[in-house]
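Structure file start.pdb (PDB, C-alpha atoms and all ligand atoms) follows.
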```pdb
MODEL        1
ATOM      1  CA  MET P 488     -16.902 -88.572   4.935
ATOM      2  CA  ALA P 489     -19.268 -89.675   2.213
ATOM      3  CA  ASP P 490     -19.174 -93.426   1.940
ATOM      4  CA  SER P 491     -21.087 -95.856  -0.157
ATOM      5  CA  SER P 492     -22.408 -99.213   0.894
ATOM      6  CA  SER P 493     -21.060-102.390  -0.580
ATOM      7  CA  SER P 494     -24.226-102.837  -2.600
ATOM      8  CA  LEU P 495     -23.433 -99.654  -4.481
ATOM      9  CA  GLY P 496     -19.702-100.303  -4.587
ATOM     10  CA  GLN P 497     -20.062-103.792  -6.095
ATOM     11  CA  ARG P 498     -22.958-102.998  -8.354
ATOM     12  CA  GLN P 499     -23.492-104.032 -11.932
ATOM     13  CA  GLU P 500     -25.160-101.467 -14.178
ATOM     14  CA  PRO P 501     -28.764-101.459 -12.918
ATOM     15  CA  LYS P 502     -31.308-102.992 -15.261
ATOM     16  CA  PHE P 503     -34.820-101.633 -15.485
ATOM     17  CA  ASP P 504     -37.774-101.842 -17.825
ATOM     18  CA  SER P 505     -38.848 -98.341 -18.844
ATOM     19  CA  SER P 506     -42.140 -99.661 -20.254
ATOM     20  CA  VAL P 507     -43.447-100.639 -16.784
ATOM     21  CA  PRO P 508     -44.566 -97.573 -14.802
ATOM     22  CA  GLN P 509     -42.646 -97.449 -11.504
ATOM     23  CA  THR P 510     -43.534 -95.707  -8.263
ATOM     24  CA  ALA P 511     -40.267 -93.739  -7.889
ATOM     25  CA  ARG P 512     -40.483 -92.375 -11.449
ATOM     26  CA  ILE P 513     -44.200 -91.490 -11.289
ATOM     27  CA  TRP P 514     -43.557 -89.717  -7.961
ATOM     28  CA  ASN P 515     -40.637 -87.918  -9.635
ATOM     29  CA  TYR P 516     -42.986 -86.830 -12.482
ATOM     30  CA  TRP P 517     -45.528 -85.352 -10.048
ATOM     31  CA  LEU P 518     -42.735 -83.555  -8.209
ATOM     32  CA  GLY P 519     -41.705 -81.891 -11.488
ATOM     33  CA  GLY P 520     -38.566 -84.046 -12.014
ATOM     34  CA  LYS P 521     -37.099 -85.255 -15.324
ATOM     35  CA  ASP P 522     -36.186 -88.837 -14.357
ATOM     36  CA  ASN P 523     -39.254 -90.545 -15.792
ATOM     37  CA  PHE P 524     -40.373 -92.238 -19.010
ATOM     38  CA  PRO P 525     -43.504 -92.032 -21.219
ATOM     39  CA  ALA P 526     -45.092 -95.037 -19.448
ATOM     40  CA  ASP P 527     -44.667 -93.312 -16.074
ATOM     41  CA  ARG P 528     -46.095 -90.031 -17.390
ATOM     42  CA  GLN P 529     -49.055 -91.829 -18.956
ATOM     43  CA  VAL P 530     -50.156 -93.425 -15.667
ATOM     44  CA  GLY P 531     -49.221 -90.227 -13.819
ATOM     45  CA  ASP P 532     -51.551 -88.257 -16.114
ATOM     46  CA  GLN P 533     -54.395 -90.789 -15.773
ATOM     47  CA  ILE P 534     -54.192 -90.451 -12.001
ATOM     48  CA  LEU P 535     -53.975 -86.668 -12.277
ATOM     49  CA  GLU P 536     -57.227 -86.707 -14.198
ATOM     50  CA  ALA P 537     -59.017 -88.723 -11.499
ATOM     51  CA  PHE P 538     -57.324 -86.942  -8.607
ATOM     52  CA  PRO P 539     -55.813 -83.571  -9.596
ATOM     53  CA  GLU P 540     -54.696 -82.920  -5.999
ATOM     54  CA  ILE P 541     -52.022 -85.625  -6.343
ATOM     55  CA  VAL P 542     -49.391 -83.031  -7.273
ATOM     56  CA  GLU P 543     -50.152 -80.996  -4.142
ATOM     57  CA  ASN P 544     -50.108 -84.274  -2.181
ATOM     58  CA  ALA P 545     -46.622 -85.102  -3.455
ATOM     59  CA  ARG P 546     -45.285 -81.605  -2.712
ATOM     60  CA  ALA P 547     -46.905 -81.433   0.727
ATOM     61  CA  SER P 548     -45.458 -84.865   1.551
ATOM     62  CA  ARG P 549     -41.934 -83.726   0.617
ATOM     63  CA  ALA P 550     -42.450 -80.529   2.618
ATOM     64  CA  PHE P 551     -43.366 -82.677   5.638
ATOM     65  CA  LEU P 552     -40.204 -84.741   5.144
ATOM     66  CA  ALA P 553     -38.099 -81.562   5.276
ATOM     67  CA  ARG P 554     -39.870 -80.176   8.380
ATOM     68  CA  ALA P 555     -39.655 -83.524  10.161
ATOM     69  CA  VAL P 556     -35.925 -83.904   9.423
ATOM     70  CA  ARG P 557     -35.270 -80.306  10.541
ATOM     71  CA  TYR P 558     -37.142 -81.078  13.777
ATOM     72  CA  LEU P 559     -35.248 -84.335  14.304
ATOM     73  CA  ALA P 560     -31.771 -82.917  13.622
ATOM     74  CA  GLY P 561     -32.616 -79.683  15.448
ATOM     75  CA  GLU P 562     -34.891 -79.877  18.493
ATOM     76  CA  ALA P 563     -34.593 -83.654  18.909
ATOM     77  CA  GLY P 564     -30.794 -83.719  18.446
ATOM     78  CA  ILE P 565     -30.794 -86.782  16.156
ATOM     79  CA  ARG P 566     -27.602 -87.396  14.177
ATOM     80  CA  GLN P 567     -28.440 -90.658  12.374
ATOM     81  CA  PHE P 568     -31.159 -91.329   9.775
ATOM     82  CA  LEU P 569     -32.301 -94.541   8.090
ATOM     83  CA  ASP P 570     -34.447 -93.424   5.118
ATOM     84  CA  ILE P 571     -36.164 -96.464   3.592
ATOM     85  CA  GLY P 572     -38.002 -95.880   0.284
ATOM     86  CA  THR P 573     -35.769 -92.974  -0.648
ATOM     87  CA  GLY P 574     -37.128 -92.217  -4.109
ATOM     88  CA  LEU P 575     -35.196 -90.399  -6.811
ATOM     89  CA  PRO P 576     -32.992 -87.532  -5.660
ATOM     90  CA  THR P 577     -34.907 -84.265  -5.624
ATOM     91  CA  ALA P 578     -34.683 -80.967  -3.744
ATOM     92  CA  ASP P 579     -34.203 -81.239   0.027
ATOM     93  CA  ASN P 580     -33.105 -84.861   0.264
ATOM     94  CA  THR P 581     -32.848 -86.136   3.839
ATOM     95  CA  HIS P 582     -29.054 -85.729   4.068
ATOM     96  CA  GLN P 583     -29.171 -82.157   2.762
ATOM     97  CA  VAL P 584     -31.813 -81.087   5.275
ATOM     98  CA  ALA P 585     -30.193 -82.926   8.198
ATOM     99  CA  GLN P 586     -26.621 -81.841   7.420
ATOM    100  CA  ALA P 587     -27.745 -78.213   6.958
ATOM    101  CA  VAL P 588     -28.686 -78.391  10.658
ATOM    102  CA  ALA P 589     -25.790 -80.587  11.815
ATOM    103  CA  PRO P 590     -23.089 -81.454   9.213
ATOM    104  CA  GLU P 591     -21.992 -84.524  11.204
ATOM    105  CA  CYS P 592     -25.314 -86.332  10.515
ATOM    106  CA  ARG P 593     -25.007 -89.834   9.075
ATOM    107  CA  ILE P 594     -27.682 -90.951   6.606
ATOM    108  CA  VAL P 595     -28.376 -94.369   5.122
ATOM    109  CA  TYR P 596     -30.738 -94.500   2.163
ATOM    110  CA  VAL P 597     -32.523 -97.723   1.157
ATOM    111  CA  ASP P 598     -34.586 -98.440  -1.958
ATOM    112  CA  ASN P 599     -35.232-101.475  -4.152
ATOM    113  CA  ASP P 600     -35.805 -99.696  -7.474
ATOM    114  CA  PRO P 601     -32.904-100.068  -9.946
ATOM    115  CA  ILE P 602     -33.409 -96.544 -11.263
ATOM    116  CA  VAL P 603     -33.047 -95.110  -7.768
ATOM    117  CA  LEU P 604     -29.830 -97.137  -7.470
ATOM    118  CA  ALA P 605     -28.686 -95.665 -10.805
ATOM    119  CA  HIS P 606     -29.141 -92.153  -9.402
ATOM    120  CA  ALA P 607     -27.890 -92.927  -5.922
ATOM    121  CA  ARG P 608     -24.500 -91.302  -6.352
ATOM    122  CA  ALA P 609     -26.263 -87.927  -6.195
ATOM    123  CA  LEU P 610     -27.342 -88.918  -2.671
ATOM    124  CA  LEU P 611     -23.820 -89.775  -1.577
ATOM    125  CA  VAL P 612     -22.343 -86.315  -1.813
ATOM    126  CA  GLY P 613     -22.754 -85.160   1.738
ATOM    127  CA  ALA P 614     -20.995 -82.924   4.220
ATOM    128  CA  PRO P 615     -17.425 -84.157   4.836
ATOM    129  CA  GLN P 616     -18.062 -84.233   8.602
ATOM    130  CA  GLY P 617     -20.922 -86.733   8.187
ATOM    131  CA  ALA P 618     -21.610 -89.809   6.048
ATOM    132  CA  THR P 619     -24.131 -90.957   3.478
ATOM    133  CA  ALA P 620     -24.619 -94.483   2.211
ATOM    134  CA  TYR P 621     -27.037 -96.253  -0.107
ATOM    135  CA  ILE P 622     -28.333 -99.796   0.259
ATOM    136  CA  ASP P 623     -30.065-101.605  -2.589
ATOM    137  CA  ALA P 624     -32.512-103.648  -0.495
ATOM    138  CA  ASP P 625     -36.166-104.447   0.042
ATOM    139  CA  LEU P 626     -38.132-103.211   3.049
ATOM    140  CA  ARG P 627     -39.575-106.732   3.254
ATOM    141  CA  ASP P 628     -36.141-107.898   4.326
ATOM    142  CA  PRO P 629     -35.569-105.724   7.409
ATOM    143  CA  GLU P 630     -32.723-107.982   8.599
ATOM    144  CA  LYS P 631     -30.661-107.176   5.506
ATOM    145  CA  VAL P 632     -31.515-103.463   5.819
ATOM    146  CA  LEU P 633     -30.430-103.413   9.480
ATOM    147  CA  GLN P 634     -27.294-105.473   8.901
ATOM    148  CA  GLU P 635     -26.069-103.275   6.038
ATOM    149  CA  ALA P 636     -27.107-100.025   7.774
ATOM    150  CA  ALA P 637     -24.911-100.999  10.742
ATOM    151  CA  ARG P 638     -21.847-100.388   8.554
ATOM    152  CA  THR P 639     -22.620 -96.670   8.612
ATOM    153  CA  LEU P 640     -24.914 -96.125  11.595
ATOM    154  CA  ASP P 641     -24.075 -96.729  15.253
ATOM    155  CA  PHE P 642     -27.016 -98.667  16.712
ATOM    156  CA  THR P 643     -25.919 -97.831  20.262
ATOM    157  CA  GLN P 644     -26.959 -94.230  19.492
ATOM    158  CA  PRO P 645     -30.463 -92.955  18.539
ATOM    159  CA  ILE P 646     -31.545 -93.309  14.921
ATOM    160  CA  ALA P 647     -34.499 -91.774  13.071
ATOM    161  CA  ILE P 648     -36.210 -94.379  10.898
ATOM    162  CA  MET P 649     -37.989 -92.752   7.949
ATOM    163  CA  LEU P 650     -40.790 -94.586   6.108
ATOM    164  CA  MET P 651     -42.150 -91.952   3.759
ATOM    165  CA  GLY P 652     -44.667 -93.100   1.162
ATOM    166  CA  ILE P 653     -43.476 -96.710   1.310
ATOM    167  CA  LEU P 654     -45.656 -98.686   3.736
ATOM    168  CA  GLY P 655     -48.599 -98.349   1.310
ATOM    169  CA  HIS P 656     -46.580-100.642  -0.963
ATOM    170  CA  ILE P 657     -46.921-103.406   1.647
ATOM    171  CA  ALA P 658     -50.507-104.549   1.162
ATOM    172  CA  ASP P 659     -50.800-106.822   4.160
ATOM    173  CA  ASP P 660     -51.382-104.930   7.404
ATOM    174  CA  GLY P 661     -49.824-107.628   9.560
ATOM    175  CA  GLU P 662     -46.688-107.728   7.414
ATOM    176  CA  ALA P 663     -46.381-103.912   7.446
ATOM    177  CA  GLN P 664     -46.857-103.841  11.235
ATOM    178  CA  SER P 665     -44.290-106.569  11.793
ATOM    179  CA  ILE P 666     -41.701-104.781   9.580
ATOM    180  CA  VAL P 667     -42.196-101.570  11.586
ATOM    181  CA  GLN P 668     -41.891-103.493  14.859
ATOM    182  CA  ARG P 669     -38.705-105.198  13.699
ATOM    183  CA  LEU P 670     -37.108-101.885  12.684
ATOM    184  CA  VAL P 671     -38.208 -99.992  15.793
ATOM    185  CA  GLY P 672     -37.154-102.944  17.937
ATOM    186  CA  ALA P 673     -33.610-102.705  16.552
ATOM    187  CA  VAL P 674     -33.005 -99.086  17.569
ATOM    188  CA  ARG P 675     -32.332 -97.823  21.062
ATOM    189  CA  SER P 676     -34.509 -95.707  23.312
ATOM    190  CA  GLY P 677     -34.594 -92.059  22.189
ATOM    191  CA  SER P 678     -34.820 -93.120  18.525
ATOM    192  CA  TYR P 679     -37.685 -92.009  16.282
ATOM    193  CA  LEU P 680     -40.087 -93.383  13.682
ATOM    194  CA  THR P 681     -41.187 -90.856  11.042
ATOM    195  CA  MET P 682     -43.776 -91.921   8.528
ATOM    196  CA  ASN P 683     -46.244 -90.633   5.994
ATOM    197  CA  ASP P 684     -48.639 -92.591   3.791
ATOM    198  CA  GLY P 685     -51.725 -92.197   1.649
ATOM    199  CA  THR P 686     -55.187 -92.357   3.209
ATOM    200  CA  ASP P 687     -58.504 -93.529   1.757
ATOM    201  CA  ILE P 688     -60.388 -90.372   2.735
ATOM    202  CA  SER P 689     -62.130 -89.580  -0.566
ATOM    203  CA  GLU P 690     -63.624 -91.382  -3.545
ATOM    204  CA  GLU P 691     -61.179 -89.572  -5.827
ATOM    205  CA  VAL P 692     -58.098 -90.867  -4.042
ATOM    206  CA  VAL P 693     -59.530 -94.400  -3.919
ATOM    207  CA  GLU P 694     -60.087 -94.183  -7.699
ATOM    208  CA  ALA P 695     -56.520 -92.888  -8.142
ATOM    209  CA  ALA P 696     -55.193 -95.911  -6.231
ATOM    210  CA  ARG P 697     -57.320 -98.224  -8.381
ATOM    211  CA  ILE P 698     -55.800 -96.755 -11.577
ATOM    212  CA  TRP P 699     -52.316 -97.050 -10.053
ATOM    213  CA  ASN P 700     -52.837-100.697  -9.168
ATOM    214  CA  GLU P 701     -54.029-101.556 -12.670
ATOM    215  CA  SER P 702     -50.681-100.707 -14.237
ATOM    216  CA  ALA P 703     -47.980 -99.351 -11.938
ATOM    217  CA  ASN P 704     -45.390-101.294  -9.990
ATOM    218  CA  PRO P 705     -45.388-101.967  -7.072
ATOM    219  CA  THR P 706     -49.072-101.687  -6.128
ATOM    220  CA  TYR P 707     -50.118 -99.126  -3.503
ATOM    221  CA  HIS P 708     -52.710 -99.669  -0.778
ATOM    222  CA  LEU P 709     -54.377 -96.769   0.987
ATOM    223  CA  ARG P 710     -55.095 -97.090   4.699
ATOM    224  CA  SER P 711     -57.440 -95.204   7.009
ATOM    225  CA  PRO P 712     -55.911 -92.440   9.169
ATOM    226  CA  ASP P 713     -56.633 -94.613  12.258
ATOM    227  CA  ARG P 714     -54.787 -97.550  10.737
ATOM    228  CA  ILE P 715     -51.759 -95.396   9.981
ATOM    229  CA  ALA P 716     -51.795 -94.033  13.534
ATOM    230  CA  ARG P 717     -51.501 -97.610  14.834
ATOM    231  CA  PHE P 718     -47.997 -97.924  13.363
ATOM    232  CA  PHE P 719     -46.965 -95.568  16.174
ATOM    233  CA  ASP P 720     -48.315 -97.839  18.946
ATOM    234  CA  GLY P 721     -45.842 -97.936  21.842
ATOM    235  CA  LEU P 722     -44.128 -94.695  20.768
ATOM    236  CA  GLU P 723     -44.501 -91.209  22.256
ATOM    237  CA  LEU P 724     -46.056 -89.063  19.541
ATOM    238  CA  VAL P 725     -44.445 -85.701  18.938
ATOM    239  CA  GLU P 726     -47.051 -82.904  18.856
ATOM    240  CA  PRO P 727     -49.382 -82.502  16.979
ATOM    241  CA  GLY P 728     -49.627 -86.319  16.654
ATOM    242  CA  VAL P 729     -50.718 -88.171  13.520
ATOM    243  CA  VAL P 730     -52.228 -85.618  11.134
ATOM    244  CA  SER P 731     -52.419 -84.677   7.472
ATOM    245  CA  PRO P 732     -48.889 -83.511   6.463
ATOM    246  CA  PRO P 733     -49.650 -79.784   6.011
ATOM    247  CA  ARG P 734     -50.891 -79.749   9.641
ATOM    248  CA  TRP P 735     -47.664 -81.151  11.088
ATOM    249  CA  ARG P 736     -45.756 -78.158  12.507
ATOM    250  CA  PRO P 737     -46.542 -75.935   9.491
ATOM    251  CA  GLU P 738     -44.198 -73.190   8.457
ATOM    252  CA  PRO P 739     -45.400 -70.170   6.437
ATOM    253  CA  SER P 740     -45.358 -71.390   2.822
ATOM    254  CA  PRO P 741     -45.066 -69.043  -0.171
ATOM    255  CA  SER P 742     -46.598 -71.747  -2.401
ATOM    256  CA  GLY P 743     -49.740 -71.873  -0.260
ATOM    257  CA  LEU P 744     -49.973 -75.646   0.152
ATOM    258  CA  PRO P 745     -53.418 -76.990   1.135
ATOM    259  CA  ALA P 746     -54.446 -77.516   4.755
ATOM    260  CA  GLU P 747     -55.460 -81.163   4.299
ATOM    261  CA  ILE P 748     -54.269 -83.838   1.884
ATOM    262  CA  ALA P 749     -55.082 -87.528   1.540
ATOM    263  CA  SER P 750     -52.190 -88.675   3.742
ATOM    264  CA  SER P 751     -51.426 -89.165   7.408
ATOM    265  CA  CYS P 752     -48.029 -88.523   8.919
ATOM    266  CA  GLY P 753     -46.359 -88.406  12.289
ATOM    267  CA  VAL P 754     -43.166 -88.586  14.292
ATOM    268  CA  GLY P 755     -42.948 -90.920  17.303
ATOM    269  CA  ARG P 756     -40.175 -91.274  19.877
ATOM    270  CA  LYS P 757     -39.159 -94.667  21.265
ATOM    271  CA  PRO P 758     -39.381 -94.371  25.081
TER     272      PRO P 758
HETATM  273  C1  LIG X 801     -43.744 -92.777  -3.296
HETATM  274  S1  LIG X 801     -41.988 -92.986  -3.344
HETATM  275  C2  LIG X 801     -41.542 -91.968  -1.941
HETATM  276  C3  LIG X 801     -40.161 -91.373  -2.044
HETATM  277  C4  LIG X 801     -39.705 -90.528  -0.859
HETATM  278  N1  LIG X 801     -39.628 -91.323   0.370
HETATM  279  C5  LIG X 801     -40.625 -89.347  -0.629
HETATM  280  O1  LIG X 801     -41.324 -89.316   0.390
HETATM  281  O2  LIG X 801     -40.651 -88.447  -1.459
HETATM  282  C6  LIG X 801     -41.785 -94.654  -2.674
HETATM  283  C7  LIG X 801     -40.381 -95.196  -2.791
HETATM  284  O3  LIG X 801     -40.337 -96.442  -2.081
HETATM  285  C8  LIG X 801     -39.618 -97.397  -2.854
HETATM  286  N2  LIG X 801     -40.121 -98.746  -2.500
HETATM  287  C9  LIG X 801     -41.365 -99.255  -2.703
HETATM  288  N3  LIG X 801     -41.451-100.503  -2.192
HETATM  289  C10 LIG X 801     -40.240-100.792  -1.659
HETATM  290  C11 LIG X 801     -39.703-101.921  -0.966
HETATM  291  N4  LIG X 801     -40.449-103.016  -0.736
HETATM  292  N5  LIG X 801     -38.415-101.870  -0.535
HETATM  293  C12 LIG X 801     -37.641-100.770  -0.767
HETATM  294  N6  LIG X 801     -38.096 -99.664  -1.411
HETATM  295  C13 LIG X 801     -39.382 -99.666  -1.853
HETATM  296  C14 LIG X 801     -39.916 -97.033  -4.289
HETATM  297  O4  LIG X 801     -38.922 -97.548  -5.186
HETATM  298  C15 LIG X 801     -39.931 -95.495  -4.214
HETATM  299  O5  LIG X 801     -38.649 -94.970  -4.446
ENDMDL
END
```
Rewrite the structure of this file - the entire thing - as structure tokens.
Ligand SMILES: C[S@@+](CC[C@H](N)C(=O)[O-])C[C@H]1O[C@@H](n2cnc3c(N)ncnc32)[C@H](O)[C@@H]1O
Amino acid sequence: MADSSSSLGQRQEPKFDSSVPQTARIWNYWLGGKDNFPADRQVGDQILEAFPEIVENARASRAFLARAVRYLAGEAGIRQFLDIGTGLPTADNTHQVAQAVAPECRIVYVDNDPIVLAHARALLVGAPQGATAYIDADLRDPEKVLQEAARTLDFTQPIAIMLMGILGHIADDGEAQSIVQRLVGAVRSGSYLTMNDGTDISEEVVEAARIWNESANPTYHLRSPDRIARFFDGLELVEPGVVSPPRWRPEPSPSGLPAEIASSCGVGRKP
């Protein structure tokens, strides 16, 4: 069954300001989507000029998401996903990848951007054997996320928590760490944390983040690869550990994605 959370069911028409560049829409622009406005494209182009690899970064990050979800629903046998920082619907959304492996998978999407909410119905058309739901909530309020997710997900069974390209929006390391701990603490043993975020490995990417933070909303803060690896403390890392996304269980790619991008990703299992 495809169900929708109360936050979608009771919603007003979402309000958003198209003159303020927003992360979900700029990301959509780099991924080749159409759900963006001139202000998003303007900042997107400025960043492209400073850091042309950003488009490959975005595509390689999405490719990691698909491989990780295939691994989780396949080899790891996971049937429940909590995808926080969903972004605008694109190709290979989490529920499509997971339900292609196991149609009974249940997926809860969470985002706080009104335009993602406006497009969320596209995320709620899942396999009839499974369920998809959307929660309009902020990662900074993990209690609300967990409480609303429990309407669709069974917390007595393993859940894969997905934090893809979102923790960089939490500037404070301690706050980001405590959010991760709260989420991981709420799921049972045999659950997983999957994450991917931008790293400060070159001057170009640091400049790109500076341009972003001058005008786009919310701000984005790069971390070192070591700092990102620490989010997996206490978890058993799935091979090959915390690496640049193209290096995580690569599959032959016709588009020839690069071997290394300015991100670190990983999948960790809660013992
Ligand atoms: C860079 S996009 C990544 C989208 C998708 N996860 C992917 O990997 O392609 C980050 C997403 O996180 C959402 N986001 C940022 N901060 C958030 C917060 N505090 N709470 C909920 N969502 C947030 C944005 O609205 C955006 O959709």
#### Entry: Ground truth for the PyMOL selection byres (((not hetatm)) within 7 of (chain X and resi 801)), written as a list in words
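Checking the PyMOL selection byres (((not hetatm)) within 7 of (chain X and resi 801)) against this file, the residues are Thr510, Ala511, Trp514, Ser548, Arg549, Leu552, Ile571, Gly572, Thr573, Gly574, Leu575, Val597, Asp598, Asn599, Asp600, Val603, Ala624, Asp625, Leu626, Arg627, Leu650, Met651, Gly652, Ile653, His656, Ile657 and Pro705 of chain P.
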### Message
Translate the PyMOL selection byres (((chain P and resi 715) around 9) and not hetatm) into a concrete residue list for this structure, as JSON, numbers by chain.
### Response
{"P": [682, 683, 684, 685, 686, 710, 711, 712, 713, 714, 716, 717, 718, 719, 729, 751, 752]}
How about saving the chosen residues, C-alpha atoms kept, as a short mmCIF file (atom, residue, chain, number, x, y, z; two decimals), in the coordinates of the input?
```
data_model
loop_
_atom_site.label_atom_id
_atom_site.label_comp_id
_atom_site.auth_asym_id
_atom_site.auth_seq_id
_atom_site.Cartn_x
_atom_site.Cartn_y
_atom_site.Cartn_z
CA MET P 682 -43.78 -91.92 8.53
CA ASN P 683 -46.24 -90.63 5.99
CA ASP P 684 -48.64 -92.59 3.79
CA GLY P 685 -51.72 -92.20 1.65
CA THR P 686 -55.19 -92.36 3.21
CA ARG P 710 -55.10 -97.09 4.70
CA SER P 711 -57.44 -95.20 7.01
CA PRO P 712 -55.91 -92.44 9.17
CA ASP P 713 -56.63 -94.61 12.26
CA ARG P 714 -54.79 -97.55 10.74
CA ALA P 716 -51.80 -94.03 13.53
CA ARG P 717 -51.50 -97.61 14.83
CA PHE P 718 -48.00 -97.92 13.36
CA PHE P 719 -46.96 -95.57 16.17
CA VAL P 729 -50.72 -88.17 13.52
CA SER P 751 -51.43 -89.16 7.41
CA CYS P 752 -48.03 -88.52 8.92
#
```
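Our summary of the geometry notes that atom CA of P:Thr643 is positioned 18.5 Å from atom CA of P:Leu722.
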#### Entry: Nearest to P:Ala620 by atom-to-atom distance, counting only C-alpha atoms, from P:Ala663, P:Ala605, P:Leu640, P:Ile646
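The closest residue to P:Ala620 is P:Leu640.
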### Message
Selection in question (the file shown): the PyMOL selection byres (((chain P and resi 675) around 7) and not hetatm). Which residues does it include, as a PyMOL selection string?
### Response
chain P and resi 642-645+673-674+676-678
Using only C-alpha atoms, please write the residues we just selected to a file, as a PDB file, in the coordinates of the input.
```
ATOM      1  CA  PHE P 642     -27.016 -98.667  16.712  1.00  0.00           C
ATOM      2  CA  THR P 643     -25.919 -97.831  20.262  1.00  0.00           C
ATOM      3  CA  GLN P 644     -26.959 -94.230  19.492  1.00  0.00           C
ATOM      4  CA  PRO P 645     -30.463 -92.955  18.539  1.00  0.00           C
ATOM      5  CA  ALA P 673     -33.610-102.705  16.552  1.00  0.00           C
ATOM      6  CA  VAL P 674     -33.005 -99.086  17.569  1.00  0.00           C
ATOM      7  CA  SER P 676     -34.509 -95.707  23.312  1.00  0.00           C
ATOM      8  CA  GLY P 677     -34.594 -92.059  22.189  1.00  0.00           C
ATOM      9  CA  SER P 678     -34.820 -93.120  18.525  1.00  0.00           C
TER      10      SER P 678
END
```
### From P:Ile648, P:Leu633, P:Ala703, P:Cys592, residue lying nearest P:Ser506 [only C-alpha atoms]
P:Ala703
### Message
From (-41.8, -94.5, 20.7), in the file's coordinates, out to 10 Å: which residues are reached, counting all atoms listed in the file? Answer as a ChimeraX atom specification.
### Response
/P:671,676-680,719-725,754-758
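Distance check against P:Leu670 using all atoms listed in the file: of P:Ile594, P:Leu610, P:Val584, P:Leu569, the minimum falls on P:Leu569.
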### Query
Counting only C-alpha atoms, which residues come within 10 Å of (-58.2, -83.4, 3.2), with the point read in the file's coordinates, and could you list them as a list in words?
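Those residues lying close to the given coordinates are Glu540, Asn544, Thr686, Ile688, Ser689, Ser731, Pro732, Pro733, Pro745, Ala746, Glu747, Ile748, Ala749, Ser750 and Ser751 of chain P.
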Could you write out the selected residues, including C-alpha atoms, as a short mmCIF file (atom, residue, chain, number, x, y, z; two decimals), keeping the file's coordinate frame?
```cif
data_model
loop_
_atom_site.label_atom_id
_atom_site.label_comp_id
_atom_site.auth_asym_id
_atom_site.auth_seq_id
_atom_site.Cartn_x
_atom_site.Cartn_y
_atom_site.Cartn_z
CA GLU P 540 -54.70 -82.92 -6.00
CA ASN P 544 -50.11 -84.27 -2.18
CA THR P 686 -55.19 -92.36 3.21
CA ILE P 688 -60.39 -90.37 2.74
CA SER P 689 -62.13 -89.58 -0.57
CA SER P 731 -52.42 -84.68 7.47
CA PRO P 732 -48.89 -83.51 6.46
CA PRO P 733 -49.65 -79.78 6.01
CA PRO P 745 -53.42 -76.99 1.14
CA ALA P 746 -54.45 -77.52 4.76
CA GLU P 747 -55.46 -81.16 4.30
CA ILE P 748 -54.27 -83.84 1.88
CA ALA P 749 -55.08 -87.53 1.54
CA SER P 750 -52.19 -88.68 3.74
CA SER P 751 -51.43 -89.16 7.41
#
```
As AutoDock Vina command-line options, please report the centre and edge lengths, rounded to one decimal in Å, of the axis-aligned box that holds all listed atoms of stretch 648-658 of chain P with 3 Å of padding on each of the six sides.
```
--center_x -43.4 --center_y -98.3 --center_z 5.0 --size_x 20.3 --size_y 18.6 --size_z 17.9
```
### Query
In Å, with one decimal, what is the gap from atom CA of P:Tyr516 to atom CA of P:Arg734?
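Separating atom CA of P:Tyr516 from atom CA of P:Arg734 is a distance of 24.5 Å.
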### atom CA of P:Asn523 to atom CA of P:Asn700, straight-line distance in Å
18.2 Å
### Residue contacts of P:Arg697 (12 Å, all atoms listed in the file) excluding same-chain residues fewer than 6 positions away, as a ChimeraX atom specification
/P:530,533-534,537-538,687,690-691,703,706-709
#### Entry: Which of P:Gln616, P:Gln586, P:Gln567, P:Ser702 sits closest to P:Val507 [using all atoms listed in the file]
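Answer, going by the shortest atom-to-atom distance: P:Ser702.
Each of P:Gly617, P:Gly655, P:Gly564, P:Gly520 was compared to P:Gln583 using all atoms listed in the file, and P:Gly617 turns out to be the nearest.
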Could you write stretch 503-510 of chain P as a compact mmCIF listing (two decimals), in the coordinates of the input, with N, CA and C atoms rebuilt where they are missing?
```txt
# COMPACT_ATOMS: atom_id res chain seq x y z
N PHE P 503 -33.42 -101.90 -15.75
CA PHE P 503 -34.82 -101.63 -15.48
C PHE P 503 -35.59 -101.57 -16.79
N ASP P 504 -36.91 -101.82 -16.66
CA ASP P 504 -37.77 -101.84 -17.82
C ASP P 504 -38.55 -100.53 -17.86
N SER P 505 -38.22 -99.67 -18.82
CA SER P 505 -38.85 -98.34 -18.84
C SER P 505 -40.30 -98.39 -19.32
N SER P 506 -40.75 -99.59 -19.78
CA SER P 506 -42.14 -99.66 -20.25
C SER P 506 -43.11 -99.97 -19.11
N VAL P 507 -42.58 -100.36 -17.93
CA VAL P 507 -43.45 -100.64 -16.78
C VAL P 507 -43.41 -99.43 -15.85
N PRO P 508 -44.56 -98.76 -15.67
CA PRO P 508 -44.57 -97.57 -14.80
C PRO P 508 -44.13 -97.93 -13.38
N GLN P 509 -43.22 -97.15 -12.83
CA GLN P 509 -42.65 -97.45 -11.50
C GLN P 509 -42.93 -96.32 -10.53
N THR P 510 -43.14 -96.69 -9.28
CA THR P 510 -43.53 -95.71 -8.26
C THR P 510 -42.55 -94.54 -8.15
```
